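Engineer: Below is the file input02.cif, with mmCIF, C-alpha atoms.
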```
data_final
loop_
_atom_site.label_atom_id
_atom_site.label_comp_id
_atom_site.auth_asym_id
_atom_site.auth_seq_id
_atom_site.Cartn_x
_atom_site.Cartn_y
_atom_site.Cartn_z
CA MET J 1 -22.76 72.35 -25.03
CA SER J 2 -20.77 69.14 -25.31
CA LEU J 3 -22.07 65.98 -26.95
CA VAL J 4 -22.30 64.21 -23.60
CA ARG J 5 -24.24 67.06 -21.95
CA GLU J 6 -26.64 67.22 -24.89
CA ALA J 7 -27.11 63.43 -24.74
CA LEU J 8 -27.79 63.59 -20.99
CA LEU J 9 -30.33 66.36 -21.58
CA VAL J 10 -32.23 64.20 -24.09
CA ALA J 11 -31.97 61.10 -21.88
CA GLY J 12 -33.23 63.05 -18.87
CA LYS J 13 -36.15 64.37 -20.89
CA ASP J 14 -37.13 60.90 -22.13
CA LEU J 15 -36.83 59.34 -18.67
CA ARG J 16 -38.86 62.14 -17.10
CA ILE J 17 -41.60 61.56 -19.68
CA GLU J 18 -41.55 57.83 -18.92
CA ALA J 19 -41.63 58.43 -15.18
CA ARG J 20 -44.64 60.74 -15.66
CA SER J 21 -46.58 58.55 -18.05
CA ARG J 22 -45.63 55.31 -16.27
CA VAL J 23 -45.90 53.38 -19.53
CA THR J 24 -42.76 51.38 -18.71
CA LEU J 25 -43.98 50.53 -15.24
CA ALA J 26 -47.64 49.96 -16.03
CA GLN J 27 -47.43 48.35 -19.47
CA ILE J 28 -43.98 47.29 -20.66
CA VAL J 29 -42.77 45.53 -17.49
CA PRO J 30 -46.11 43.71 -16.96
CA PHE J 31 -46.04 42.66 -20.63
CA GLY J 32 -42.57 41.15 -20.16
CA GLY J 33 -43.76 39.43 -17.00
CA ILE J 34 -46.73 37.91 -18.82
CA VAL J 35 -44.42 36.59 -21.55
CA VAL J 36 -42.20 34.94 -18.91
CA LEU J 37 -45.28 33.41 -17.27
CA LEU J 38 -46.68 32.16 -20.58
CA PHE J 39 -43.41 30.44 -21.41
CA ALA J 40 -43.52 28.74 -18.01
CA PHE J 41 -47.05 27.46 -18.64
CA ALA J 42 -46.30 26.42 -22.22
CA LEU J 43 -43.19 24.43 -21.29
CA ASP J 44 -44.70 22.74 -18.19
CA PRO J 45 -42.43 23.24 -15.14
CA ALA J 46 -43.10 19.64 -14.04
CA ARG J 47 -40.87 18.34 -16.84
CA GLY J 48 -37.90 20.15 -15.36
CA ASN J 49 -36.70 21.66 -18.62
CA LEU J 50 -37.28 25.31 -17.66
CA PRO J 51 -33.83 25.94 -16.09
CA ARG J 52 -32.19 24.69 -19.29
CA VAL J 53 -34.11 27.04 -21.58
CA ALA J 54 -34.38 29.93 -19.11
CA PRO J 55 -31.60 32.09 -20.65
CA GLY J 56 -33.16 32.01 -24.11
CA LEU J 57 -36.67 32.63 -22.82
CA PHE J 58 -35.45 35.53 -20.65
CA TRP J 59 -33.85 37.30 -23.60
CA VAL J 60 -36.82 36.68 -25.91
CA ALA J 61 -39.08 38.23 -23.25
CA VAL J 62 -36.70 41.18 -22.91
CA LEU J 63 -36.58 41.66 -26.68
CA LEU J 64 -40.37 41.61 -27.10
CA ALA J 65 -40.83 44.13 -24.28
CA ALA J 66 -37.95 46.23 -25.65
CA LEU J 67 -39.85 46.64 -28.92
CA MET J 68 -42.58 48.42 -26.97
CA ALA J 69 -40.07 50.69 -25.24
CA LEU J 70 -38.43 51.57 -28.56
CA SER J 71 -41.74 52.32 -30.29
CA ARG J 72 -42.67 54.50 -27.34
CA SER J 73 -39.36 56.38 -27.52
CA PHE J 74 -40.23 57.66 -31.00
CA ALA J 75 -43.99 57.90 -30.48
CA VAL J 76 -43.47 60.70 -27.91
CA GLU J 77 -41.55 62.62 -30.57
CA ALA J 78 -44.35 62.23 -33.12
CA ARG J 79 -47.04 63.71 -30.87
CA ASN J 80 -47.42 67.51 -31.30
CA SER J 81 -44.53 67.27 -33.80
CA ALA J 82 -42.16 67.41 -30.81
CA ARG J 83 -39.51 65.92 -33.10
CA ASP J 84 -39.53 69.15 -35.11
CA GLY J 85 -38.97 71.08 -31.91
CA LEU J 86 -35.99 68.86 -31.13
CA ARG J 87 -34.60 69.39 -34.63
CA LEU J 88 -35.15 73.16 -34.40
CA SER J 89 -33.36 73.29 -31.06
CA GLY J 90 -30.07 72.79 -32.85
CA LEU J 91 -29.13 69.72 -30.80
CA ASP J 92 -26.59 67.46 -32.45
CA GLY J 93 -28.27 64.41 -34.02
CA SER J 94 -25.56 62.21 -32.50
CA ALA J 95 -26.48 63.52 -29.06
CA VAL J 96 -30.15 62.78 -29.71
CA PHE J 97 -29.18 59.22 -30.66
CA LEU J 98 -27.01 58.70 -27.58
CA GLY J 99 -29.60 60.29 -25.29
CA LYS J 100 -32.45 58.20 -26.63
CA ALA J 101 -30.31 55.03 -26.48
CA MET J 102 -29.36 55.82 -22.86
CA ALA J 103 -33.00 56.30 -21.88
CA VAL J 104 -34.01 53.04 -23.57
CA ALA J 105 -31.08 51.24 -21.89
CA ALA J 106 -32.16 52.54 -18.48
CA GLN J 107 -35.66 51.19 -19.08
CA LEU J 108 -34.25 47.86 -20.23
CA VAL J 109 -32.15 47.58 -17.06
CA ALA J 110 -35.31 48.05 -14.97
CA LEU J 111 -37.13 45.53 -17.15
CA GLU J 112 -34.30 42.97 -16.97
CA THR J 113 -34.13 43.30 -13.18
CA VAL J 114 -37.82 42.47 -12.81
CA LEU J 115 -37.85 39.72 -15.44
CA GLY J 116 -34.58 38.23 -14.10
CA THR J 117 -36.12 38.00 -10.63
CA LEU J 118 -39.22 36.35 -12.09
CA VAL J 119 -37.12 33.85 -14.05
CA VAL J 120 -35.08 32.91 -10.96
CA LEU J 121 -38.25 32.43 -8.93
CA LEU J 122 -40.44 30.71 -11.53
CA TYR J 123 -37.91 28.73 -13.55
CA ASP J 124 -35.93 27.42 -10.58
CA VAL J 125 -32.69 28.93 -11.89
CA HIS J 126 -29.44 29.14 -9.87
CA VAL J 127 -26.76 31.59 -10.96
CA SER J 128 -23.21 30.31 -10.49
CA ALA J 129 -21.21 33.22 -11.95
CA TRP J 130 -22.92 36.55 -11.31
CA SER J 131 -20.09 38.55 -12.87
CA VAL J 132 -20.59 36.79 -16.20
CA VAL J 133 -24.35 37.26 -16.10
CA LEU J 134 -24.11 40.95 -15.19
CA LEU J 135 -21.37 41.73 -17.70
CA SER J 136 -23.20 40.03 -20.56
CA ALA J 137 -26.45 41.78 -19.55
CA VAL J 138 -24.73 45.18 -19.70
CA ALA J 139 -23.20 44.49 -23.12
CA ALA J 140 -26.43 43.01 -24.53
CA THR J 141 -28.47 45.94 -23.19
CA ALA J 142 -26.14 48.46 -24.81
CA GLY J 143 -26.36 46.56 -28.11
CA LEU J 144 -30.15 46.32 -28.01
CA ALA J 145 -30.58 49.98 -27.09
CA ALA J 146 -28.17 51.18 -29.79
CA THR J 147 -29.60 48.96 -32.53
CA GLY J 148 -33.17 49.65 -31.51
CA THR J 149 -32.67 53.41 -31.47
CA LEU J 150 -30.98 53.37 -34.87
CA PHE J 151 -33.69 51.22 -36.45
CA GLY J 152 -36.36 53.08 -34.47
CA VAL J 153 -35.60 56.30 -36.32
CA LEU J 154 -35.63 54.42 -39.62
CA ALA J 155 -39.08 53.06 -38.82
CA ALA J 156 -40.23 56.45 -37.52
CA GLY J 157 -40.00 57.77 -41.06
CA SER J 158 -42.61 55.28 -42.23
CA ARG J 159 -46.38 55.42 -41.93
CA ARG J 160 -46.24 51.73 -40.99
CA ARG J 161 -43.75 52.33 -38.18
CA GLU J 162 -45.53 50.18 -35.57
CA THR J 163 -45.19 47.04 -37.67
CA LEU J 164 -41.99 47.98 -39.45
CA LEU J 165 -39.75 48.21 -36.39
CA PRO J 166 -40.01 44.51 -35.39
CA LEU J 167 -39.49 43.47 -39.01
CA LEU J 168 -36.32 45.55 -39.26
CA LEU J 169 -34.95 44.94 -35.80
CA LEU J 170 -35.53 41.26 -35.01
CA PRO J 171 -33.25 39.81 -37.72
CA VAL J 172 -30.50 42.32 -36.93
CA VAL J 173 -30.35 41.57 -33.21
CA THR J 174 -29.94 37.82 -33.73
CA PRO J 175 -26.25 38.03 -32.68
CA VAL J 176 -27.31 39.74 -29.43
CA MET J 177 -29.87 37.05 -28.70
CA LEU J 178 -27.38 34.30 -29.47
CA GLY J 179 -24.48 35.85 -27.57
CA ALA J 180 -26.52 36.85 -24.52
CA THR J 181 -28.20 33.45 -24.29
CA ARG J 182 -24.90 31.54 -24.55
CA ALA J 183 -23.19 33.84 -22.06
CA PHE J 184 -26.08 33.46 -19.61
CA GLU J 185 -25.96 29.66 -19.99
CA ALA J 186 -22.26 29.75 -19.12
CA GLY J 187 -23.02 32.03 -16.16
CA LEU J 188 -25.69 29.68 -14.85
CA GLU J 189 -23.55 26.58 -15.33
CA GLY J 190 -20.51 28.15 -13.67
CA ALA J 191 -18.33 27.98 -16.79
CA PRO J 192 -17.06 31.57 -17.19
CA SER J 193 -14.37 30.57 -19.66
CA GLU J 194 -17.10 29.55 -22.09
CA ALA J 195 -18.72 32.97 -21.75
CA TRP J 196 -15.90 35.30 -22.78
CA ARG J 197 -16.12 34.84 -26.52
CA TRP J 198 -19.88 35.49 -26.38
CA ILE J 199 -19.37 38.57 -24.22
CA GLY J 200 -16.76 39.67 -26.74
CA LEU J 201 -19.35 39.31 -29.50
CA LEU J 202 -21.85 41.36 -27.49
CA VAL J 203 -19.30 44.13 -26.84
CA LEU J 204 -18.28 44.19 -30.51
CA PHE J 205 -21.93 44.42 -31.57
CA ALA J 206 -22.64 47.23 -29.12
CA VAL J 207 -19.58 49.23 -30.19
CA LEU J 208 -20.43 48.71 -33.86
CA TYR J 209 -24.01 49.94 -33.55
CA LEU J 210 -23.18 52.76 -31.16
CA SER J 211 -20.64 54.00 -33.70
CA ALA J 212 -23.06 53.55 -36.60
CA GLY J 213 -25.72 55.44 -34.67
CA VAL J 214 -23.44 58.35 -33.82
CA LEU J 215 -22.43 58.63 -37.48
CA ALA J 216 -25.74 57.96 -39.24
CA PHE J 217 -28.52 59.04 -36.89
CA ASP J 218 -28.43 62.73 -37.79
CA ALA J 219 -29.11 62.08 -41.49
CA LEU J 220 -31.84 59.52 -40.71
CA TRP J 221 -33.41 61.84 -38.11
CA GLU J 222 -33.56 64.69 -40.64
CA GLU J 223 -35.09 62.44 -43.31
CA ALA J 224 -37.78 60.96 -41.05
CA GLU J 225 -41.23 62.51 -41.58
CA MET G 1 -23.22 85.01 -50.65
CA GLU G 2 -26.12 87.44 -50.22
CA ALA G 3 -25.61 90.82 -48.63
CA VAL G 4 -25.63 90.58 -44.85
CA SER G 5 -28.64 92.92 -44.74
CA ASN G 6 -30.88 90.10 -45.99
CA ALA G 7 -32.30 87.78 -43.35
CA VAL G 8 -33.81 85.52 -45.97
CA SER G 9 -32.94 84.99 -49.61
CA LEU G 10 -34.64 82.40 -51.81
CA ARG G 11 -33.85 81.90 -55.48
CA SER G 12 -36.06 79.71 -57.69
CA VAL G 13 -36.87 77.41 -54.78
CA VAL G 14 -38.79 74.25 -55.58
CA CYS G 15 -40.04 72.01 -52.77
CA LEU G 16 -41.89 68.80 -53.54
CA LEU G 17 -44.25 67.11 -51.09
CA GLY G 18 -44.34 63.67 -52.65
CA ARG G 19 -44.75 64.59 -56.32
CA PHE G 20 -46.72 67.75 -55.57
CA PRO G 21 -44.75 70.98 -55.99
CA ALA G 22 -45.72 72.83 -52.80
CA LEU G 23 -43.25 75.54 -53.81
CA ALA G 24 -42.82 75.84 -57.56
CA GLY G 25 -40.02 78.38 -57.99
CA VAL G 26 -40.17 80.92 -55.21
CA ASP G 27 -37.98 84.02 -55.24
CA LEU G 28 -38.06 86.05 -52.05
CA ARG G 29 -35.85 88.40 -50.09
CA VAL G 30 -36.53 89.60 -46.58
CA ARG G 31 -34.37 92.31 -45.07
CA ARG G 32 -33.16 92.14 -41.52
CA ARG G 33 -35.55 93.71 -39.00
CA GLU G 34 -38.35 93.56 -41.55
CA VAL G 35 -41.83 92.16 -40.78
CA VAL G 36 -43.18 90.36 -43.84
CA LEU G 37 -46.67 88.96 -44.18
CA LEU G 38 -47.19 85.84 -46.28
CA SER G 39 -50.75 85.73 -47.52
CA GLY G 40 -52.61 83.47 -49.90
CA PRO G 41 -55.32 80.82 -50.01
CA ASN G 42 -55.14 77.44 -48.30
CA GLY G 43 -52.55 75.24 -49.99
CA ALA G 44 -50.68 78.21 -51.48
CA GLY G 45 -47.43 77.09 -49.83
CA LYS G 46 -47.20 79.49 -46.87
CA SER G 47 -46.58 76.82 -44.21
CA THR G 48 -44.27 74.93 -46.54
CA LEU G 49 -42.23 78.06 -47.12
CA LEU G 50 -41.89 78.65 -43.37
CA ARG G 51 -40.80 75.03 -42.85
CA VAL G 52 -38.26 75.36 -45.66
CA LEU G 53 -36.85 78.48 -43.99
CA ALA G 54 -36.59 76.56 -40.71
CA GLY G 55 -34.72 73.77 -42.48
CA LEU G 56 -37.46 71.24 -41.71
CA LEU G 57 -38.23 70.50 -45.35
CA PRO G 58 -35.66 69.80 -48.06
CA VAL G 59 -35.36 71.99 -51.12
CA HIS G 60 -35.32 70.08 -54.38
CA ARG G 61 -34.12 72.97 -56.55
CA GLY G 62 -32.96 76.51 -55.97
CA GLU G 63 -30.98 78.22 -53.24
CA VAL G 64 -31.94 79.14 -49.70
CA GLU G 65 -29.91 81.46 -47.51
CA VAL G 66 -31.09 82.21 -44.00
CA LEU G 67 -29.33 84.77 -41.80
CA GLY G 68 -26.48 84.88 -44.28
CA ALA G 69 -25.79 81.12 -44.20
CA ASP G 70 -26.55 78.26 -46.56
CA LEU G 71 -29.16 76.06 -44.87
CA ARG G 72 -27.72 72.89 -46.41
CA SER G 73 -24.27 73.34 -44.94
CA ASP G 74 -24.97 75.33 -41.76
CA ARG G 75 -28.39 73.98 -40.82
CA ARG G 76 -27.66 73.35 -37.14
CA ALA G 77 -26.07 76.74 -36.54
CA VAL G 78 -28.86 78.56 -38.40
CA ARG G 79 -31.57 76.75 -36.46
CA ARG G 80 -30.12 78.01 -33.19
CA ARG G 81 -30.73 81.56 -34.46
CA LEU G 82 -34.37 81.16 -35.51
CA ALA G 83 -37.68 80.16 -33.98
CA LEU G 84 -40.78 78.67 -35.59
CA VAL G 85 -44.34 78.73 -34.32
CA GLY G 86 -46.19 76.11 -36.34
CA HIS G 87 -49.58 74.46 -36.33
CA ASP G 88 -48.32 72.01 -33.67
CA THR G 89 -46.73 73.12 -30.41
CA PHE G 90 -43.51 71.01 -30.65
CA CYS G 91 -43.99 70.30 -26.91
CA TYR G 92 -44.22 67.08 -24.88
CA ASP G 93 -47.60 66.13 -23.42
CA ASP G 94 -46.13 64.56 -20.28
CA LEU G 95 -43.88 67.50 -19.41
CA THR G 96 -45.26 70.52 -17.58
CA VAL G 97 -45.30 74.04 -18.99
CA ALA G 98 -42.17 74.96 -17.00
CA GLU G 99 -40.38 71.73 -17.98
CA ASN G 100 -41.13 72.25 -21.68
CA LEU G 101 -39.77 75.80 -21.47
CA ARG G 102 -36.65 74.71 -19.57
CA PHE G 103 -35.92 71.83 -21.95
CA ALA G 104 -36.29 74.08 -25.01
CA ALA G 105 -33.97 76.69 -23.49
CA ARG G 106 -31.29 74.19 -22.47
CA ALA G 107 -31.51 72.37 -25.82
CA ALA G 108 -30.87 75.69 -27.53
CA GLY G 109 -27.70 75.98 -25.47
CA ARG G 110 -28.97 78.61 -23.07
CA PRO G 111 -29.43 78.35 -19.33
CA ALA G 112 -33.09 78.09 -18.40
CA ARG G 113 -34.40 81.50 -17.47
CA PRO G 114 -36.37 82.11 -14.32
CA ALA G 115 -39.73 80.66 -15.31
CA PRO G 116 -41.99 83.29 -13.68
CA GLU G 117 -40.75 86.03 -16.02
CA VAL G 118 -41.52 84.05 -19.17
CA LEU G 119 -44.73 82.60 -17.81
CA ALA G 120 -46.13 86.00 -16.87
CA ARG G 121 -45.26 87.45 -20.27
CA PHE G 122 -47.42 84.89 -22.04
CA GLY G 123 -50.23 84.62 -19.52
CA LEU G 124 -49.11 81.23 -18.30
CA SER G 125 -48.72 82.14 -14.64
CA GLY G 126 -50.43 79.53 -12.52
CA LEU G 127 -49.93 76.90 -15.21
CA ALA G 128 -46.21 76.22 -14.65
CA ASP G 129 -46.83 72.79 -13.13
CA VAL G 130 -49.60 71.75 -15.51
CA ARG G 131 -48.73 69.16 -18.13
CA HIS G 132 -48.93 70.24 -21.75
CA GLY G 133 -51.42 67.44 -22.44
CA ARG G 134 -53.90 69.01 -20.03
CA LEU G 135 -53.77 72.54 -21.46
CA SER G 136 -56.54 74.06 -23.56
CA ALA G 137 -55.85 74.88 -27.22
CA GLY G 138 -55.31 78.56 -26.42
CA GLN G 139 -52.96 77.78 -23.54
CA ARG G 140 -50.97 75.44 -25.79
CA ARG G 141 -50.66 78.16 -28.39
CA ARG G 142 -49.38 80.56 -25.75
CA LEU G 143 -46.83 78.01 -24.59
CA SER G 144 -45.53 77.49 -28.13
CA LEU G 145 -45.25 81.28 -28.51
CA ALA G 146 -43.43 81.47 -25.16
CA VAL G 147 -40.94 78.82 -26.30
CA ALA G 148 -40.36 80.68 -29.58
CA PHE G 149 -39.98 84.18 -28.14
CA ASP G 150 -37.84 82.88 -25.27
CA ARG G 151 -35.20 81.76 -27.78
CA ASP G 152 -34.00 85.31 -28.48
CA ALA G 153 -34.10 84.31 -32.13
CA GLU G 154 -32.93 86.65 -34.86
CA LEU G 155 -35.60 85.30 -37.22
CA LEU G 156 -39.15 84.55 -36.09
CA LEU G 157 -41.23 82.34 -38.38
CA LEU G 158 -44.85 82.54 -37.29
CA ASP G 159 -47.51 80.35 -38.88
CA GLU G 160 -50.99 81.58 -37.97
CA PRO G 161 -49.74 82.76 -34.55
CA HIS G 162 -53.06 84.37 -33.55
CA ALA G 163 -55.03 81.13 -34.02
CA GLY G 164 -56.68 79.96 -30.81
CA LEU G 165 -55.83 83.09 -28.79
CA ASP G 166 -58.41 85.28 -27.05
CA ASP G 167 -58.57 89.03 -27.74
CA ALA G 168 -56.32 90.02 -24.84
CA HIS G 169 -53.56 87.62 -25.87
CA ARG G 170 -53.90 88.55 -29.55
CA ALA G 171 -53.27 92.16 -28.57
CA GLU G 172 -50.31 91.07 -26.43
CA LEU G 173 -48.88 89.09 -29.35
CA ASP G 174 -49.31 92.10 -31.65
CA LEU G 175 -47.17 94.14 -29.25
CA LEU G 176 -44.45 91.47 -29.24
CA ILE G 177 -44.40 91.30 -33.06
CA ALA G 178 -44.37 95.07 -33.36
CA ALA G 179 -41.45 95.26 -30.93
CA ALA G 180 -39.44 92.55 -32.71
CA PRO G 181 -37.62 94.78 -35.26
CA GLY G 182 -36.54 97.10 -32.47
CA GLU G 183 -34.99 94.09 -30.73
CA GLY G 184 -33.08 93.20 -33.87
CA ARG G 185 -35.45 90.46 -34.99
CA THR G 186 -36.88 89.72 -38.42
CA VAL G 187 -40.40 88.32 -38.64
CA VAL G 188 -41.97 86.26 -41.42
CA LEU G 189 -45.63 85.80 -40.63
CA ALA G 190 -48.23 83.66 -42.39
CA SER G 191 -51.81 84.53 -41.62
CA HIS G 192 -55.36 84.50 -42.85
CA GLU G 193 -56.25 87.37 -40.51
CA LEU G 194 -55.16 89.87 -43.09
CA GLU G 195 -56.37 93.09 -41.52
CA ARG G 196 -54.58 92.40 -38.27
CA ALA G 197 -51.43 91.05 -39.92
CA ARG G 198 -51.21 93.89 -42.48
CA ALA G 199 -51.18 96.38 -39.62
CA LEU G 200 -48.10 94.62 -38.23
CA ALA G 201 -46.23 94.00 -41.49
CA ASP G 202 -43.87 96.25 -43.43
CA ARG G 203 -44.96 94.53 -46.62
CA GLU G 204 -47.05 91.65 -47.90
CA VAL G 205 -46.03 88.78 -50.17
CA ARG G 206 -48.84 86.81 -51.74
CA LEU G 207 -48.38 83.16 -52.56
CA GLU G 208 -50.61 81.22 -54.93
CA ALA G 209 -50.06 77.63 -56.01
CA GLY G 210 -46.51 77.65 -54.74
CA VAL G 211 -45.30 80.82 -56.44
CA VAL G 212 -45.09 84.48 -55.43
CA ARG G 213 -47.86 86.40 -57.26
CA GLU G 214 -47.68 89.87 -55.84
CA PRO G 215 -44.39 90.77 -54.23
CA ALA G 216 -45.31 94.07 -52.63
CA GLY G 217 -42.63 96.40 -51.30
CA ALA G 218 -39.07 96.80 -52.40
CA PRO G 219 -36.81 93.75 -52.62
CA ALA G 220 -33.24 94.07 -51.49
#
```
Before we go any further, please render this structure as structure tokens.
Structural biologist:
Amino acid sequence: MSLVREALLVAGKDLRIEARSRVTLAQIVPFGGIVVLLFAFALDPARGNLPRVAPGLFWVAVLLAALMALSRSFAVEARNSARDGLRLSGLDGSAVFLGKAMAVAAQLVALETVLGTLVVLLYDVHVSAWSVVLLSAVAATAGLAATGTLFGVLAAGSRRRETLLPLLLLPVVTPVMLGATRAFEAGLEGAPSEAWRWIGLLVLFAVLYLSAGVLAFDALWEEAE
Amino acid sequence: MEAVSNAVSLRSVVCLLGRFPALAGVDLRVRRREVVLLSGPNGAGKSTLLRVLAGLLPVHRGEVEVLGADLRSDRRAVRRRLALVGHDTFCYDDLTVAENLRFAARAAGRPARPAPEVLARFGLSGLADVRHGRLSAGQRRRLSLAVAFDRDAELLLLDEPHAGLDDAHRAELDLLIAAAPGEGRTVVLASHELERARALADREVRLEAGVVREPAGAPA
């Protein structure tokens, strides 16, 4: 079986589990929504500063909710030692990485769609360049999913995995937060030329961590207990 | 390389769990199509040995050859040729019985078989659409056995496979184990149900404190 087919098999399995358990729909998306709402209350919409800070707040909300999705992605493997079954299956570790990253990315897309709608409605945001916003969202999502999956398996090997993942991941994804926020700002202000270097950074980051994951995940996956 | 007739060959194998030597220098050979019983008290290293043979635990010293290949260099290929039934089921709570079976088959690179055949063999008919998380302990054990036997593995590693089964399914499992050599399979079985397991095994290997104490039968 090819790498892509193995990755799709793993992604399909993870997404089926999420569809069944409805954790993404019932817990992760509402959590992101609450974060967006709390920011709106904390910053007082009457002052009119929400549209200015909306891009940053949107990506912080996405990142916090993404941590839950990433923890969940490896928690399902810990239960009943399903991870051992996956290892025994003979699937390529790189395919497991790509499949898990794809499933997380699909959940993030759903999350971003809901949170983006909330931000537009609650923060009084007007998008001037949709292409810039969508392109940067795709690149940032790929980067977050790849980095999160790679660091997720690192944390999965620890008894303190629930608290370790945010500690490991948050500093590393700073370039994604910075690049996605700046690119979104340019997309909202209708200045696409400003956005390209940030989108370039996001693409570079995603390619870097996807490559690192494909190369390193197998060894980390085998070490994790 | 060991003679091809050996399914398993361990030489002075040491496996540490933390600092504790769960295996403290194990030498063992299992011939192809042989059924070998691992016996010994709790903590003797039986489960650890089975996990080492499956490539799930690293070896800190010694050499391990499984199905004629070095586990360190050919781990992925070897794993496709063996099956392990452990204390856990290795299944996903939110997938149904049929989905768990199909995923395991496809992950092993085989097309999913018609589910009814496998389900009936392990007394899981009527449970195909039930999620693993809602199964009883005995039903879960039968599902993990179904996944393992469905792999057409050359080497079956069975850790307390009778645990949780009722009498009828224990008898059914005995038949499957007894038939394994005839189907070209080798079985390494760890059990505390010695009378039952001895009746199935060609020979018994006793482990105590991580070493083989009484290697009964002829080594290769």
Engineer: Restricting the calculation to only C-alpha atoms, which member of G:Asp129, G:Glu34, G:Glu99, G:Asp70 is positioned closest to chain J?
Structural biologist: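 Looking only at the distances to chain J, the closest residue turns out to be G:Glu99.
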Engineer: In the coordinates of the file, take the point (-46.5, 73.8, -56.9) and a cut-off of 9 Å; then, counting all atoms listed in the file, name each qualifying protein, DNA or RNA residue as a VMD selection string.
Structural biologist: chain G and resid 14 to 16 20 to 25 44 to 45 208 to 211
Engineer: Select, as number ranges by chain, those residues of chain G with any atom no more than 8 Å from chain J (distances computed using only C-alpha atoms).
Structural biologist: G: 54, 56, 76-77, 79-80, 83-84, 88-95, 103-104, 106-109
Engineer: Suppose a student applies the PyMOL selection byres ((chain G and resi 181-192) around 8) to this structure; what residues should they get, written as a PyMOL selection string?
Structural biologist: chain G and resi 7+31-40+46-47+50+153-161+177-180+193-194+197
Engineer: So what do you get for atom CA of Ala140 of chain J versus atom CA of Gly152 of chain J, distance-wise?
Structural biologist: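 Atom-to-atom, atom CA of Ala140 of chain J and atom CA of Gly152 of chain J are spaced 17.3 Å apart.
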Engineer: Excluding segment 29-31 of chain J and its own-chain neighbours fewer than 4 positions away, which residues fall within 6 Å of it when counting all atoms listed in the file? Please give them as a list in words.
Structural biologist: Thr24, Leu25 and Leu111 of chain J
Engineer: Write out, as a CSV table (one decimal), keeping the file's coordinate frame, the residues just selected, with C-alpha atoms.
Structural biologist:
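Just written: selection_2.csv:
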```csv
chain,number,residue,atom,x,y,z
J,24,THR,CA,-42.8,51.4,-18.7
J,25,LEU,CA,-44.0,50.5,-15.2
J,111,LEU,CA,-37.1,45.5,-17.2
```
Engineer: On this file, the PyMOL selection byres ((chain J and resi 59-68) around 7) gives some set of residues; write that set as a list in words.
Structural biologist: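 What the PyMOL selection byres ((chain J and resi 59-68) around 7) grabs from the file is Ile28, Phe31, Gly32, Val35, Val36, Pro55, Gly56, Leu57, Phe58, Ala69, Leu70, Ser71, Arg72, Leu108, Glu112, Pro166, Met177 and Thr181 of chain J.
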Engineer: If you take only C-alpha atoms and a cut-off of 10 Å, which residues of segment 43-133 of chain J touch segment 183-186 of chain J, and what are their nearest atom pairs and distances in Å to one decimal, in chain and number order, as CSV?
Structural biologist:
```
residue,atom,partner,partner_atom,distance
J:Pro51,CA,J:Glu185,CA,9.5
J:Arg52,CA,J:Glu185,CA,8.0
J:Val53,CA,J:Glu185,CA,8.7
J:Ala54,CA,J:Glu185,CA,8.5
J:Pro55,CA,J:Phe184,CA,5.8
J:Gly56,CA,J:Phe184,CA,8.5
J:Phe58,CA,J:Phe184,CA,9.7
J:Trp59,CA,J:Phe184,CA,9.5
J:Val127,CA,J:Phe184,CA,8.9
J:Ser128,CA,J:Ala186,CA,8.7
J:Ala129,CA,J:Ala186,CA,8.0
J:Trp130,CA,J:Phe184,CA,9.4
J:Val132,CA,J:Ala183,CA,7.1
J:Val133,CA,J:Phe184,CA,5.5
```
Engineer: I need the chosen residues saved as a compact mmCIF listing (two decimals), in the coordinates of the input, with C-alpha atoms.
Structural biologist:
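Output (again_6.txt):
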```
# COMPACT_ATOMS: atom_id res chain seq x y z
CA PRO J 51 -33.83 25.94 -16.09
CA ARG J 52 -32.19 24.69 -19.29
CA VAL J 53 -34.11 27.04 -21.58
CA ALA J 54 -34.38 29.93 -19.11
CA PRO J 55 -31.60 32.09 -20.65
CA GLY J 56 -33.16 32.01 -24.11
CA PHE J 58 -35.45 35.53 -20.65
CA TRP J 59 -33.85 37.30 -23.60
CA VAL J 127 -26.76 31.59 -10.96
CA SER J 128 -23.21 30.31 -10.49
CA ALA J 129 -21.21 33.22 -11.95
CA TRP J 130 -22.92 36.55 -11.31
CA VAL J 132 -20.59 36.79 -16.20
CA VAL J 133 -24.35 37.26 -16.10
```
Engineer: Grab the atom CA of Asp167 of chain G to atom CA of Pro41 of chain G distance for me, in Å with one decimal place.
Structural biologist: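 Computing the Euclidean distance for atom CA of Asp167 of chain G and atom CA of Pro41 of chain G yields 24.0 Å.
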Engineer: Find the residues near Leu168 of chain J: any atom within 12 Å, counting only C-alpha atoms, skip ones fewer than 2 places away on the same chain, and give them as a ChimeraX atom specification.
Structural biologist: /J:67,147-156,158,160-166,170-174
Engineer: Might you spell out which residues the PyMOL selection byres ((chain J and resi 102) around 12) would select in the displayed file, as a PyMOL selection string?
Structural biologist: chain J and resi 4+6-15+70+73+95-101+103-109+141-149+210
Engineer: As an exercise, work out the distance from atom CA of Gly116 of chain J to atom CA of Trp196 of chain J in Å and give it to one decimal place.
Structural biologist: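 Computing the Euclidean distance for atom CA of Gly116 of chain J and atom CA of Trp196 of chain J yields 20.8 Å.
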